[in-house]
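What follows is the content of coords10.cif, which has mmCIF, C-alpha atoms:
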data_query
#
loop_
_atom_site.label_atom_id
_atom_site.label_comp_id
_atom_site.auth_asym_id
_atom_site.auth_seq_id
_atom_site.Cartn_x
_atom_site.Cartn_y
_atom_site.Cartn_z
CA MET N 1 101.67 -28.04 19.44
CA HIS N 2 103.16 -24.79 20.65
CA MET N 3 106.05 -23.24 18.83
CA THR N 4 109.13 -22.97 20.92
CA HIS N 5 112.47 -21.24 20.59
CA ASP N 6 115.78 -22.28 22.07
CA VAL N 7 117.87 -20.24 24.40
CA ALA N 8 121.44 -21.51 24.52
CA MET N 9 122.72 -21.61 28.07
CA GLY N 10 125.92 -23.61 28.41
CA ILE N 11 126.17 -22.84 32.11
CA ASN N 12 126.78 -25.15 35.01
CA LEU N 13 123.75 -26.67 36.65
CA LEU N 14 125.24 -25.56 39.95
CA HIS N 15 126.03 -22.10 38.62
CA ALA N 16 124.19 -20.34 41.45
CA ASN N 17 126.18 -22.34 44.00
CA GLU N 18 129.45 -21.74 42.19
CA ALA N 19 128.83 -18.01 41.96
CA GLY N 20 128.27 -18.00 45.73
CA ALA N 21 131.46 -20.01 46.24
CA ALA N 22 133.43 -17.52 44.15
CA HIS N 23 131.99 -14.71 46.26
CA ASN N 24 133.05 -16.46 49.48
CA ARG N 25 136.53 -17.12 48.08
CA ALA N 26 136.89 -13.47 47.11
CA HIS N 27 136.14 -12.54 50.74
CA PHE N 28 138.73 -15.03 51.99
CA ASP N 29 141.32 -13.71 49.53
CA GLN N 30 140.62 -10.12 50.50
CA TRP N 31 141.18 -10.99 54.16
CA GLY N 32 144.25 -13.16 53.48
CA ILE N 33 142.50 -16.30 54.71
CA THR N 34 143.09 -19.84 53.47
CA CYS N 35 139.96 -21.97 53.54
CA LEU N 36 140.03 -25.76 53.75
CA ASN N 37 136.89 -27.86 53.25
CA LEU N 38 137.01 -31.13 55.24
CA MET N 39 134.78 -33.90 53.93
CA SER N 40 134.23 -37.56 54.77
CA SER N 41 131.56 -40.07 55.63
CA PRO N 42 130.03 -39.76 59.12
CA GLY N 43 132.37 -41.03 61.80
CA ALA N 44 135.61 -40.92 59.80
CA GLY N 45 137.08 -38.61 62.40
CA LYS N 46 136.79 -35.07 61.04
CA THR N 47 136.06 -33.55 64.42
CA ALA N 48 138.83 -35.55 66.17
CA VAL N 49 141.38 -34.41 63.56
CA LEU N 50 140.14 -30.84 63.93
CA GLU N 51 140.53 -31.02 67.71
CA LYS N 52 144.17 -32.07 67.31
CA THR N 53 144.71 -29.44 64.62
CA LEU N 54 143.33 -26.65 66.78
CA ALA N 55 145.38 -27.81 69.76
CA ALA N 56 148.57 -27.84 67.70
CA LEU N 57 148.16 -24.83 65.43
CA SER N 58 145.95 -22.27 67.16
CA ASN N 59 148.99 -20.70 68.87
CA SER N 60 150.77 -19.95 65.62
CA LEU N 61 147.78 -19.39 63.31
CA HIS N 62 144.55 -17.51 63.83
CA ILE N 63 141.92 -20.10 63.04
CA ALA N 64 138.14 -20.05 62.81
CA VAL N 65 135.91 -23.05 62.20
CA ILE N 66 132.68 -23.26 60.25
CA GLU N 67 130.96 -26.39 61.44
CA GLY N 68 128.23 -28.01 59.38
CA ASP N 69 125.95 -30.59 60.93
CA MET N 70 122.45 -31.70 60.05
CA THR N 71 121.30 -31.13 63.62
CA THR N 72 122.79 -30.31 67.03
CA GLU N 73 125.88 -28.34 68.01
CA LEU N 74 127.66 -31.31 69.57
CA ASP N 75 130.69 -31.05 67.28
CA ALA N 76 130.79 -27.27 67.52
CA ASP N 77 130.81 -27.47 71.33
CA ARG N 78 133.70 -29.95 71.22
CA LEU N 79 135.73 -27.52 69.12
CA ARG N 80 134.85 -24.40 71.14
CA GLN N 81 136.92 -25.83 74.00
CA TYR N 82 140.02 -24.91 71.99
CA GLY N 83 139.29 -21.22 72.26
CA VAL N 84 138.69 -20.50 68.59
CA PRO N 85 135.53 -19.05 67.05
CA VAL N 86 133.25 -21.85 65.88
CA ILE N 87 130.29 -20.93 63.71
CA ALA N 88 127.75 -23.76 63.73
CA ILE N 89 125.52 -24.21 60.72
CA ASN N 90 122.67 -26.66 60.98
CA THR N 91 121.84 -27.79 57.49
CA GLY N 92 118.51 -29.34 58.45
CA ARG N 93 117.66 -32.04 55.93
CA SER N 94 120.38 -30.98 53.56
CA CYS N 95 123.22 -33.48 53.39
CA HIS N 96 126.02 -31.04 52.56
CA LEU N 97 127.04 -27.44 53.09
CA ASP N 98 126.46 -25.16 50.12
CA SER N 99 128.00 -21.80 49.39
CA ARG N 100 125.00 -19.86 50.66
CA MET N 101 125.11 -21.54 54.06
CA VAL N 102 128.84 -20.87 54.34
CA SER N 103 128.27 -17.28 53.24
CA GLY N 104 125.88 -16.95 56.20
CA GLY N 105 128.63 -18.35 58.43
CA ILE N 106 131.17 -15.88 57.05
CA HIS N 107 128.86 -12.97 57.74
CA ARG N 108 128.31 -14.15 61.30
CA LEU N 109 132.08 -14.36 61.73
CA GLN N 110 132.44 -10.89 60.27
CA ALA N 111 129.81 -9.48 62.61
CA GLU N 112 131.71 -10.60 65.71
CA TYR N 113 135.36 -10.40 64.66
CA ASP N 114 137.71 -8.54 62.40
CA PRO N 115 137.96 -11.21 59.67
CA SER N 116 141.35 -10.01 58.47
CA GLN N 117 142.90 -11.24 61.72
CA PHE N 118 142.32 -14.85 60.64
CA ASP N 119 144.80 -16.94 58.66
CA LEU N 120 142.79 -20.10 58.28
CA VAL N 121 139.12 -21.07 58.12
CA LEU N 122 138.44 -24.77 58.52
CA VAL N 123 135.07 -25.86 57.20
CA GLU N 124 133.82 -29.17 58.57
CA ASN N 125 131.27 -30.41 56.07
CA VAL N 126 128.32 -32.69 56.79
CA GLY N 127 129.34 -36.35 57.00
CA ASN N 128 128.67 -37.68 53.50
CA LEU N 129 130.96 -39.04 50.79
CA VAL N 130 128.73 -38.06 47.89
CA CYS N 131 127.39 -34.56 47.32
CA PRO N 132 129.78 -32.38 49.34
CA ALA N 133 132.22 -33.20 46.53
CA GLU N 134 130.04 -31.34 44.00
CA PHE N 135 129.14 -28.31 46.12
CA GLU N 136 131.98 -25.85 46.42
CA VAL N 137 131.72 -23.52 49.39
CA GLY N 138 134.58 -21.14 48.54
CA GLU N 139 137.44 -23.29 49.77
CA HIS N 140 140.96 -23.13 48.37
CA TYR N 141 141.60 -26.81 49.03
CA LYS N 142 139.47 -29.88 49.58
CA VAL N 143 140.53 -32.35 52.24
CA ALA N 144 138.91 -35.79 52.25
CA LEU N 145 139.15 -38.21 55.16
CA LEU N 146 138.77 -41.97 54.95
CA SER N 147 139.02 -44.11 58.04
CA LEU N 148 140.62 -47.54 57.82
CA THR N 149 137.40 -49.16 59.07
CA GLU N 150 135.59 -48.08 55.90
CA GLY N 151 137.50 -50.51 53.69
CA GLU N 152 139.70 -50.39 50.61
CA ASP N 153 136.89 -50.16 48.07
CA LYS N 154 135.45 -46.78 49.07
CA PRO N 155 137.60 -44.72 46.70
CA LEU N 156 136.33 -46.89 43.84
CA LYS N 157 132.71 -46.59 44.98
CA TYR N 158 132.73 -42.87 45.76
CA PRO N 159 135.23 -41.71 43.17
CA ILE N 160 134.19 -38.06 42.85
CA MET N 161 135.16 -37.23 46.42
CA PHE N 162 138.58 -38.81 46.00
CA ARG N 163 139.06 -37.28 42.56
CA GLU N 164 138.36 -33.79 43.87
CA ALA N 165 140.48 -34.00 47.03
CA ASP N 166 143.77 -32.09 47.25
CA CYS N 167 144.71 -33.92 50.43
CA LEU N 168 143.46 -37.26 51.74
CA LEU N 169 143.81 -38.23 55.38
CA LEU N 170 143.65 -41.97 56.05
CA THR N 171 142.45 -41.88 59.65
CA LYS N 172 142.37 -44.26 62.61
CA THR N 173 145.65 -45.95 61.69
CA ASP N 174 145.88 -47.12 65.32
CA LEU N 175 143.15 -49.65 64.44
CA ALA N 176 145.17 -51.25 61.64
CA PRO N 177 146.34 -54.25 63.75
CA TYR N 178 142.71 -55.20 64.40
CA LEU N 179 141.49 -54.92 60.82
CA ASP N 180 142.00 -56.93 57.65
CA VAL N 181 142.55 -53.73 55.75
CA ASP N 182 145.32 -53.21 53.25
CA LEU N 183 146.60 -49.63 53.47
CA ALA N 184 148.64 -50.01 50.28
CA GLN N 185 145.51 -51.14 48.43
CA ILE N 186 143.57 -48.08 49.62
CA GLU N 187 146.37 -45.86 48.35
CA ALA N 188 146.51 -47.70 45.03
CA ASN N 189 142.76 -47.33 44.59
CA VAL N 190 142.96 -43.61 45.34
CA ARG N 191 145.92 -43.12 43.00
CA GLN N 192 144.00 -44.67 40.09
CA ILE N 193 141.49 -41.87 40.42
CA ASN N 194 143.69 -39.02 41.58
CA PRO N 195 147.42 -39.36 40.92
CA THR N 196 148.37 -35.99 42.44
CA VAL N 197 146.53 -36.05 45.80
CA THR N 198 148.67 -35.76 48.94
CA ILE N 199 147.95 -38.83 51.09
CA ILE N 200 148.73 -38.75 54.82
CA ALA N 201 147.99 -41.63 57.19
CA VAL N 202 147.10 -40.36 60.67
CA SER N 203 145.79 -41.40 64.03
CA ALA N 204 144.18 -38.70 66.14
CA LYS N 205 144.39 -41.12 69.05
CA THR N 206 148.13 -41.85 69.00
CA GLY N 207 149.24 -38.75 67.10
CA GLU N 208 150.85 -40.81 64.35
CA GLY N 209 151.21 -38.85 61.12
CA LEU N 210 149.68 -35.66 62.51
CA ASP N 211 152.89 -33.66 62.14
CA ALA N 212 152.81 -34.32 58.39
CA TRP N 213 149.20 -33.12 58.31
CA PHE N 214 150.05 -29.97 60.29
CA ASP N 215 152.91 -29.28 57.88
CA TRP N 216 150.53 -29.64 54.96
CA VAL N 217 148.07 -27.22 56.56
CA ARG N 218 150.85 -24.68 57.24
CA SER N 219 152.08 -24.99 53.66
CA THR N 220 148.63 -24.11 52.31
CA VAL N 221 148.46 -21.05 54.53
CA GLN N 222 151.92 -19.80 53.68
CA SER N 223 152.16 -20.72 50.03
CA ASP N 224 148.75 -19.67 48.98
CA ARG N 225 147.61 -16.45 50.54
CA ARG N 226 148.54 -13.01 49.49
CA ALA N 227 149.21 -11.49 52.88
CA PRO N 228 152.95 -11.78 53.42
CA GLU N 229 153.02 -9.26 56.25
CA LYS N 230 150.67 -11.51 58.19
CA ILE N 231 152.87 -14.58 57.74
CA LEU N 232 155.87 -12.64 59.00
CA ALA N 233 153.92 -11.46 62.04
CA ASN N 234 153.01 -15.05 62.91
CA GLU N 235 156.55 -16.29 62.63
CA LYS N 236 157.90 -13.74 65.10
CA MET X 1 118.29 -38.18 48.40
CA HIS X 2 120.73 -35.49 47.44
CA GLU X 3 119.07 -34.94 44.07
CA THR X 4 116.56 -32.84 45.99
CA ASP X 5 119.38 -30.46 46.83
CA MET X 6 120.90 -30.76 43.39
CA THR X 7 117.50 -29.79 41.96
CA LYS X 8 117.26 -26.89 44.38
CA ALA X 9 120.63 -25.69 43.11
CA LEU X 10 119.46 -26.09 39.50
CA LEU X 11 116.26 -24.16 40.24
CA MET X 12 118.27 -21.34 41.81
CA THR X 13 120.40 -21.13 38.69
CA LEU X 14 117.30 -21.12 36.47
CA GLN X 15 115.57 -18.56 38.68
CA ASP X 16 118.56 -16.20 38.37
CA TRP X 17 118.41 -16.55 34.60
CA TRP X 18 114.62 -16.11 34.44
CA ASP X 19 114.67 -13.03 36.67
CA ALA X 20 117.11 -11.43 34.25
CA GLN X 21 114.78 -11.95 31.25
CA PRO X 22 112.64 -8.90 30.48
CA ASP X 23 109.88 -10.98 28.86
CA ARG X 24 109.69 -13.66 31.61
CA PRO X 25 109.16 -16.45 29.06
CA THR X 26 107.19 -19.62 29.66
CA VAL X 27 109.68 -22.45 29.86
CA ALA X 28 108.70 -25.61 27.98
CA LYS X 29 111.82 -27.69 28.42
CA VAL X 30 115.12 -27.54 30.19
CA HIS X 31 117.89 -29.53 28.50
CA LEU X 32 120.66 -30.78 30.75
CA ILE X 33 123.88 -32.57 29.99
CA VAL X 34 124.85 -34.79 32.91
CA GLY X 35 128.05 -36.79 32.94
CA GLN X 36 128.19 -40.30 34.33
CA PHE X 37 131.12 -39.32 36.52
CA THR X 38 129.11 -36.94 38.70
CA CYS X 39 127.03 -37.35 41.84
CA VAL X 40 123.78 -36.96 39.91
CA GLU X 41 121.33 -39.75 39.15
CA PRO X 42 119.11 -38.64 36.24
CA VAL X 43 116.01 -40.59 37.31
CA SER X 44 116.05 -39.06 40.77
CA LEU X 45 116.69 -35.65 39.27
CA GLN X 46 113.59 -35.99 37.07
CA PHE X 47 111.50 -36.94 40.05
CA ALA X 48 112.79 -34.10 42.21
CA PHE X 49 112.39 -31.60 39.37
CA GLU X 50 108.71 -32.46 38.91
CA ALA X 51 108.06 -32.24 42.63
CA GLN X 52 109.92 -29.01 43.22
CA THR X 53 108.72 -27.01 40.23
CA ARG X 54 105.03 -27.20 41.19
CA ASN X 55 103.58 -23.73 41.65
CA THR X 56 106.72 -22.06 40.33
CA PHE X 57 107.49 -20.40 37.00
CA LEU X 58 108.77 -23.82 35.89
CA ALA X 59 105.50 -25.65 36.59
CA GLY X 60 104.80 -27.96 33.67
CA ALA X 61 108.27 -27.55 32.21
CA ARG X 62 109.97 -30.79 31.24
CA LEU X 63 113.47 -31.84 31.99
CA GLU X 64 115.45 -33.54 29.23
CA ILE X 65 118.67 -35.12 30.42
CA GLN X 66 121.38 -36.20 28.04
CA GLU X 67 123.97 -38.39 29.71
CA THR X 68 127.61 -38.36 28.68
CA PRO X 69 129.93 -41.31 29.32
CA LEU X 70 133.12 -41.20 31.36
CA ILE X 71 136.00 -40.95 28.90
CA ALA X 72 139.58 -40.56 30.05
CA PHE X 73 142.72 -39.90 28.02
CA CYS X 74 145.88 -41.86 28.74
CA HIS X 75 148.96 -39.79 27.98
CA PRO X 76 151.51 -42.65 27.86
CA CYS X 77 149.30 -44.58 25.41
CA GLN X 78 148.03 -41.44 23.64
CA GLN X 79 144.52 -42.84 23.52
CA GLU X 80 141.10 -42.44 25.02
CA TYR X 81 139.58 -45.16 27.14
CA ARG X 82 136.38 -45.73 29.12
CA PRO X 83 137.02 -46.39 32.80
CA GLU X 84 134.64 -48.82 34.48
CA ILE X 85 133.03 -46.74 37.24
CA GLY X 86 133.24 -48.53 40.58
CA ILE X 87 135.74 -51.08 39.30
CA GLN X 88 138.72 -49.76 37.37
CA TYR X 89 139.77 -46.21 36.58
CA ALA X 90 143.38 -46.76 35.51
CA CYS X 91 144.25 -47.22 31.83
CA PRO X 92 143.38 -50.83 30.85
CA THR X 93 146.47 -51.02 28.64
CA CYS X 94 149.29 -49.57 30.73
CA ARG X 95 147.66 -49.13 34.17
CA SER X 96 148.47 -45.43 34.36
CA PRO X 97 146.12 -43.58 36.69
CA MET X 98 143.14 -41.68 35.37
CA GLU X 99 144.64 -38.25 34.85
CA GLU X 100 142.77 -36.37 32.16
CA ILE X 101 138.99 -36.67 31.99
CA ARG X 102 137.61 -35.74 28.59
CA SER X 103 133.95 -36.45 29.26
CA GLY X 104 131.75 -37.47 32.15
CA ARG X 105 132.10 -34.54 34.58
CA GLU X 106 129.47 -32.40 32.84
CA LEU X 107 126.71 -30.86 34.91
CA LYS X 108 125.42 -28.40 32.39
CA ILE X 109 122.28 -26.58 31.48
CA ASP X 110 122.67 -26.86 27.73
CA ARG X 111 119.63 -24.91 26.53
CA ILE X 112 116.13 -23.86 27.46
CA GLU X 113 113.11 -24.14 25.19
CA CYS X 114 110.65 -21.31 25.64
CA GLU X 115 107.09 -21.02 24.36
CA GLU X 116 107.07 -18.79 21.28
CA SER X 117 103.84 -17.04 22.26
CA SER X 118 105.30 -15.87 25.52
CA VAL X 119 107.72 -13.62 23.69
CA CYS X 120 104.85 -11.58 22.23
CA THR X 121 102.94 -11.05 25.46
#
Translate the structure described by the file into structure tokens.
Amino acid sequence: MHMTHDVAMGINLLHANEAGAAHNRAHFDQWGITCLNLMSSPGAGKTAVLEKTLAALSNSLHIAVIEGDMTTELDADRLRQYGVPVIAINTGRSCHLDSRMVSGGIHRLQAEYDPSQFDLVLVENVGNLVCPAEFEVGEHYKVALLSLTEGEDKPLKYPIMFREADCLLLTKTDLAPYLDVDLAQIEANVRQINPTVTIIAVSAKTGEGLDAWFDWVRSTVQSDRRAPEKILANEK
Amino acid sequence: MHETDMTKALLMTLQDWWDAQPDRPTVAKVHLIVGQFTCVEPVSLQFAFEAQTRNTFLAGARLEIQETPLIAFCHPCQQEYRPEIGIQYACPTCRSPMEEIRSGRELKIDRIECEESSVCT
């Protein structure tokens, strides 16, 4: 039997990822950028909501998108049509974005643009309700999406995502008449886990609820970042 | 199988620590504290750890995982309770939402056991 000695650690298992996230956030802060991390299961409508968001807000805010997908640039190409920089990150077999991947995206953005011109970076995470919740990428706020077709029980089954979210979009509300889904029950299930989350029901198809979402996005940009001169410039 | 990525993240954290050690010790055991209210499944983590540490400085090192239960604190009732993960998170007495979590979110490297001999070499 070998003798051993203990080294006390007391650090987070994901310390390396969190250090990278803090580094990314410091960059965003320095440039006066708000970063939102959008997460959901595949097909909940992240890209559709982003399309509407870019269409509505890219005149008044300077936006860039960091787009995570396991393979292909299909989503990135959809978003490029809105005339904003879209940095595509293929995660390969990895089922979430981590802070190192996003750091690579930030450096690509920095190589092509003056980053301080941006107000808002929208990160579209890989479709997955589990691990993106544990891997910070440097965002200021986490936005979770849950489509009505996924059912009322998902917040109970995937609680970490809904616990961590600052804003929850209940998407595809236009489908409500065709589904036996109870919107109030979804909200009640979410509230059990996260009493302070902002919940907004939206339909990217009909536009229902999107104004409330746009207002929320604007409020994060204007309340959070330390670049008042930039906010004034945008309002003129 | 996101434990593969979780393990990768753990190995990066351990690598950073190890690189900063002047004596580059031989690691015998890594002790983790993993809460039940996290996205980590200990059995899968064990499996991924064994697979991914082959031919690294952690080859042969063992992973010891201590799980901690989900414990919430209800402010209206002024008492702790154990939410039933997947079923009920609100306070069983007064139905207040789960606000304060006192245990269960841990994802911690608690301590590392190093071979004594490695210090002398």
### Task
Spell out the residues picked by the PyMOL selection byres ((chain X) within 7 of (chain N)) here, as a PyMOL selection string.
chain X and resi 2+5+9-10+12-13+38-39+86-87+89-90+97-99+107-116
### Message
Within 12 Å of (124.2, -29.6, 67.6) (file coordinates; only C-alpha atoms), which protein or nucleic acid residues are there? I'd like them as a list in words.
### Response
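Protein, DNA and RNA residues close to (124.2, -29.6, 67.6): Glu67, Gly68, Asp69, Met70, Thr71, Thr72, Glu73, Leu74, Asp75, Ala76, Asp77, Arg78, Leu79, Ile87, Ala88, Ile89, Asn90, Thr91, Gly92 and Val126 of chain N.
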### Message
Can you tell me which residues surround Ser44 of chain X at a distance of at most 9 Å, considering all atoms listed in the file, apart from same-chain residues fewer than 2 positions away, and format the answer as a list in words?
### Response
Met1, His2, Glu3, Thr4, Val40, Glu41, Pro42, Gln46, Phe47, Ala48 and Phe49 of chain X
Store the residues of this selection in a file with C-alpha atoms, as a compact mmCIF listing (two decimals), in the frame of the given file.
# COMPACT_ATOMS: atom_id res chain seq x y z
CA MET X 1 118.29 -38.18 48.40
CA HIS X 2 120.73 -35.49 47.44
CA GLU X 3 119.07 -34.94 44.07
CA THR X 4 116.56 -32.84 45.99
CA VAL X 40 123.78 -36.96 39.91
CA GLU X 41 121.33 -39.75 39.15
CA PRO X 42 119.11 -38.64 36.24
CA GLN X 46 113.59 -35.99 37.07
CA PHE X 47 111.50 -36.94 40.05
CA ALA X 48 112.79 -34.10 42.21
CA PHE X 49 112.39 -31.60 39.37
### Task
Select, from N:Ile200, N:Ile63, N:Ala212, N:Leu170, the residue with the minimum atom-to-atom distance to Pro115 of chain N, counting all atoms listed in the file.
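Looking at the shortest contact to Pro115 of chain N, the residue is N:Ile63.
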### Query
From the list X:Met6, X:Gln36, X:Pro92, X:Phe57, which residue is nearest Trp18 of chain X when using only C-alpha atoms?
X:Phe57
#### Entry: Residues in the PyMOL selection byres ((chain N and resi 54-58) around 9), expressed as a ChimeraX atom specification
/N:49-53,59-63,79,82-84,214,218
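Rounded to one decimal, atom CA of Lys142 of chain N and atom CA of Phe73 of chain X lie 24.0 Å from each other.
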### Task
Evaluate the PyMOL selection byres ((chain N and resi 172) around 7) on the structure here and hand back the selected residues as a list in words.
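Taken on the displayed file, the PyMOL selection byres ((chain N and resi 172) around 7) yields the residues Ser147, Leu148, Thr171, Thr173, Asp174, Leu175, Val202, Ser203 and Ala204 of chain N.
Proximity of N:Val65, N:Pro177, N:Asn24, N:Arg80 to Asn125 of chain N, computed with all atoms listed in the file, is greatest for N:Val65.
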